[in-house]
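Participant: The structure is given below, and queries will be raised subsequently.
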Number of protein chains: 2
Amino acid sequence: MKAEAEEKFREFLKNGKNRITPERFEVLNAALDYQGHFGADDLYIAMKKMNSSVSRATVYNTVELLEQCQIISKRNFGDNMNRYESCFGKMNHEHLVCTTCGKIIEFSTPRLEAIIEEVCRQNGFEMTNYTFNIFGKCSDKNCSKKDE
Amino acid sequence: MKAEAEEKFREFLKNGKNRITPERFEVLNAALDYQGHFGADDLYIAMKKMNSSVSRATVYNTVELLEQCQIISKRNFGDNMNRYESCFGKMNHEHLVCTTCGKIIEFSTPRLEAIIEEVCRQNGFEMTNYTFNIFGKCSDKNCSKKDE
DNA sequence: ATTGCTGCAAAACGTTTGCACCTAT
DNA sequence: ATAGGTGCAAACGTTTTGCAGCAAT
């Protein structure tokens with residue numbers, strides 16, 4: 001699983017004339033290990049805690065490469081920071097975001113793909129990615145303020 | 001048109017025990033006048049240019065109230081800043097965002113509403129708002145780098 | 001009279017950049 | 001050898017905050 005992702009990333013780097021460095025693979029591993037959604041800085045901090053010496057600049061840089069390589073995907077939860085999540089080997093899915101307790105429910109629907117395909121065709125638009133989030137209040141009885 | 005928005009805002013403020021101040025209506029007017037999408041700071045700068053003396057803090061504060069009041073809506077175009085656009089008296093619509101030239105194409109589809117309604121019902125979720133953006137490359141032949 | 005709002009400036013926050021050194025090719 | 005990557009710290013742009021004074025209720 002991890003080995004496949006590494007292989008994919010290695011190929012991607014090679015094809016793009018990007019150098020293959022140990023730091024980049026450290027970031028890849030940390031990203032795959034991270035549970036849930038993370039900001040680039042969260043990842044940097046997590047790596048620091050594991051005594052990694054990879055710099056913030058490199059984490060930010062690598063996370064962008066991983067996104068291009070489609071090993072992780074970028075999400076927008078409306079809080080002015082880039083969030084990522086590993087999407088390697090996973091199905092496309094969208095998010096219900098509870099604005100009270102921060103809970104995130106995932107869902108997927110093939111009908112959305114159809115809409116996207118049609119809209120792009122109608123507008124001569126070539127999609128690279130999209131974001132779809134529904135914000136609101138979840139059904140949890142003790143749903144209350146706290147962060148992610 | 002503007003008068004209606006003012007009335008709606010006034011009611012909203014009153015019901016929420018928020019004070020009715022001239023500054024807030026200055027911001028409302030500037031937001032309604034603004035062509036296209038704007039960040040809170042863009043609005044502040046535009047108001048400065050019109051010799052308004054409303055402060056940055058007040059603009060940020062008021063823009064949030066206008067969003068709650070559903071006179072403007074918040075958009076996320078993945079560039080780490082809150083964008084707004086007047087939605088008073090307008091139909092819901094989504095965005096195709098060209099990541100090369102920054103062009104924004106609007107579209108709307110009732111089928112999306114149906115999906116949202118269904119997903120929320122299935123998950124016992126009470127929606128307040130949602131974001132749906134498709135990123136990619138537009139069909140413009142001379143589409144090239146520049147900002148919004 | 002009492003809160004809440006305002007303006008200002010400073011701080012916070014995630015992110016990007018400049019630069020000297022290093023290393024994969 | 002040489003481009004490209006790295007680490008560090010400083011800069012950046014947007015947003016938030018603290019606080020003293022002001023104004024809507």
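Residue numbering restarts at 1 in every chain; chains get A, B, ... in the order shown in the structure tokens, and ligands count up from 1 in that same order.
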Quick one: everything within 12 Å of range 11-13 of chain D, counting only C-alpha atoms (C1' of nucleotides), minus sequence neighbours fewer than 6 positions away in the same chain. Send it as a list in words.

Facilitator: Gly39, Asp41, Asp42, Asp79, Asn80 and Met81 of chain B; DC13, DG14, DT15, DT16, DT17 and DG18 of chain C

Participant: Pull out every residue of chain A sitting within 10 Å of chain B, counting only C-alpha atoms, and send them as a ChimeraX atom specification.

Facilitator: /A:74-82,95-99,105-109,111-112,115-116,119-120,123-140

Participant: Distance limit 9 Å, atoms considered: only C-alpha atoms (C1' of nucleotides). Which chain D residues sit that close to chain B? Return them as number ranges by chain.

Facilitator: D: 14-16, 23-25

Participant: Among range 19-117 of chain B, which residues carry a DSSP assignment of alpha helix (DSSP H), reported as a PyMOL selection string?

Facilitator: chain B and resi 22-33+40-49+56-68+110-117

Participant: Using Å and a single decimal, report how far CA of Glu26 in chain A sits from CA of Met50 in chain A.

Facilitator: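 Interatomic distance here is 10.8 Å.
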
Participant: For chain C, which residue out of A:Asn29, A:Thr58, A:Met47, A:Glu6 is the nearest one, using only C-alpha atoms (C1' of nucleotides)?

Facilitator: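 That would be A:Thr58, the residue with the smallest distance to chain C.
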
Participant: From the DSSP assignment of the backbone, select every residue of chain B that is strand (DSSP E), and format the answer as an MDAnalysis selection string.

Facilitator: chainID B and resid 38:39 72:75 83:86 94:98 104:107 126:137

Participant: Selection from above, C-alpha atoms, as a JSON list (two decimals), in the first residue's frame, can you write it?

Facilitator:
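So result08.json came out as:
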[["chain", "number", "residue", "atom", "x", "y", "z"],
["B", 38, "PHE", "CA", -14.44, 40.49, -3.31],
["B", 39, "GLY", "CA", -12.43, 39.80, -0.20],
["B", 72, "ILE", "CA", -23.92, 38.25, 0.53],
["B", 73, "SER", "CA", -22.53, 34.73, 0.35],
["B", 74, "LYS", "CA", -19.08, 33.43, 1.13],
["B", 75, "ARG", "CA", -17.08, 31.64, -1.54],
["B", 83, "ARG", "CA", -14.45, 35.86, -1.00],
["B", 84, "TYR", "CA", -17.91, 37.27, -0.99],
["B", 85, "GLU", "CA", -20.47, 38.16, -3.56],
["B", 86, "SER", "CA", -23.82, 39.85, -3.31],
["B", 94, "GLU", "CA", -21.89, 27.55, -8.72],
["B", 95, "HIS", "CA", -18.50, 28.43, -10.18],
["B", 96, "LEU", "CA", -16.06, 27.14, -12.73],
["B", 97, "VAL", "CA", -12.71, 28.66, -11.79],
["B", 98, "CYS", "CA", -9.92, 28.78, -14.37],
["B", 104, "ILE", "CA", -14.90, 32.58, -13.26],
["B", 105, "ILE", "CA", -17.85, 31.08, -15.12],
["B", 106, "GLU", "CA", -21.12, 30.77, -13.25],
["B", 107, "PHE", "CA", -23.60, 27.98, -13.75],
["B", 126, "GLU", "CA", -29.29, 20.65, 8.74],
["B", 127, "MET", "CA", -27.58, 22.64, 6.00],
["B", 128, "THR", "CA", -26.80, 26.32, 6.38],
["B", 129, "ASN", "CA", -24.76, 26.72, 3.20],
["B", 130, "TYR", "CA", -22.51, 24.87, 0.82],
["B", 131, "THR", "CA", -19.65, 25.47, -1.59],
["B", 132, "PHE", "CA", -19.20, 23.89, -4.96],
["B", 133, "ASN", "CA", -16.37, 24.95, -7.23],
["B", 134, "ILE", "CA", -14.89, 23.26, -10.23],
["B", 135, "PHE", "CA", -11.27, 24.14, -10.92],
["B", 136, "GLY", "CA", -9.51, 23.65, -14.23],
["B", 137, "LYS", "CA", -8.61, 25.29, -17.49]]

Participant: Give me, as a count of residues only, the residues of chain C touching chain B, with the criterion being at most 9 Å (counting only C-alpha atoms (C1' of nucleotides)).

Facilitator: 6

Participant: Got a sec: who's within 12 Å of DC19 in chain C, counting only C-alpha atoms (C1' of nucleotides), leaving out chain neighbours fewer than 2 positions off, as a ChimeraX atom specification?

Facilitator: /C:17,21 /D:6-10

Participant: Those residues with C-alpha atoms (C1' of nucleotides), as an mmCIF file, in the first residue's frame please?

Facilitator:
data_model
loop_
_atom_site.group_PDB
_atom_site.id
_atom_site.type_symbol
_atom_site.label_atom_id
_atom_site.label_comp_id
_atom_site.auth_asym_id
_atom_site.auth_seq_id
_atom_site.Cartn_x
_atom_site.Cartn_y
_atom_site.Cartn_z
ATOM 1 C "C1'" DT C 17 10.262 33.927 -0.151
ATOM 2 C "C1'" DC C 21 24.642 25.649 1.557
ATOM 3 C "C1'" DT D 6 17.043 22.133 1.511
ATOM 4 C "C1'" DG D 7 16.921 24.669 6.077
ATOM 5 C "C1'" DC D 8 16.421 28.778 8.243
ATOM 6 C "C1'" DA D 9 14.470 33.047 9.272
ATOM 7 C "C1'" DA D 10 12.350 36.894 7.729
#

Participant: Would you work out the distance separating CA of Phe88 in chain A from CA of Ile71 in chain A, expressed in Å to one decimal?

Facilitator: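 Value for the CA of Phe88 in chain A-CA of Ile71 in chain A distance: 4.8 Å.
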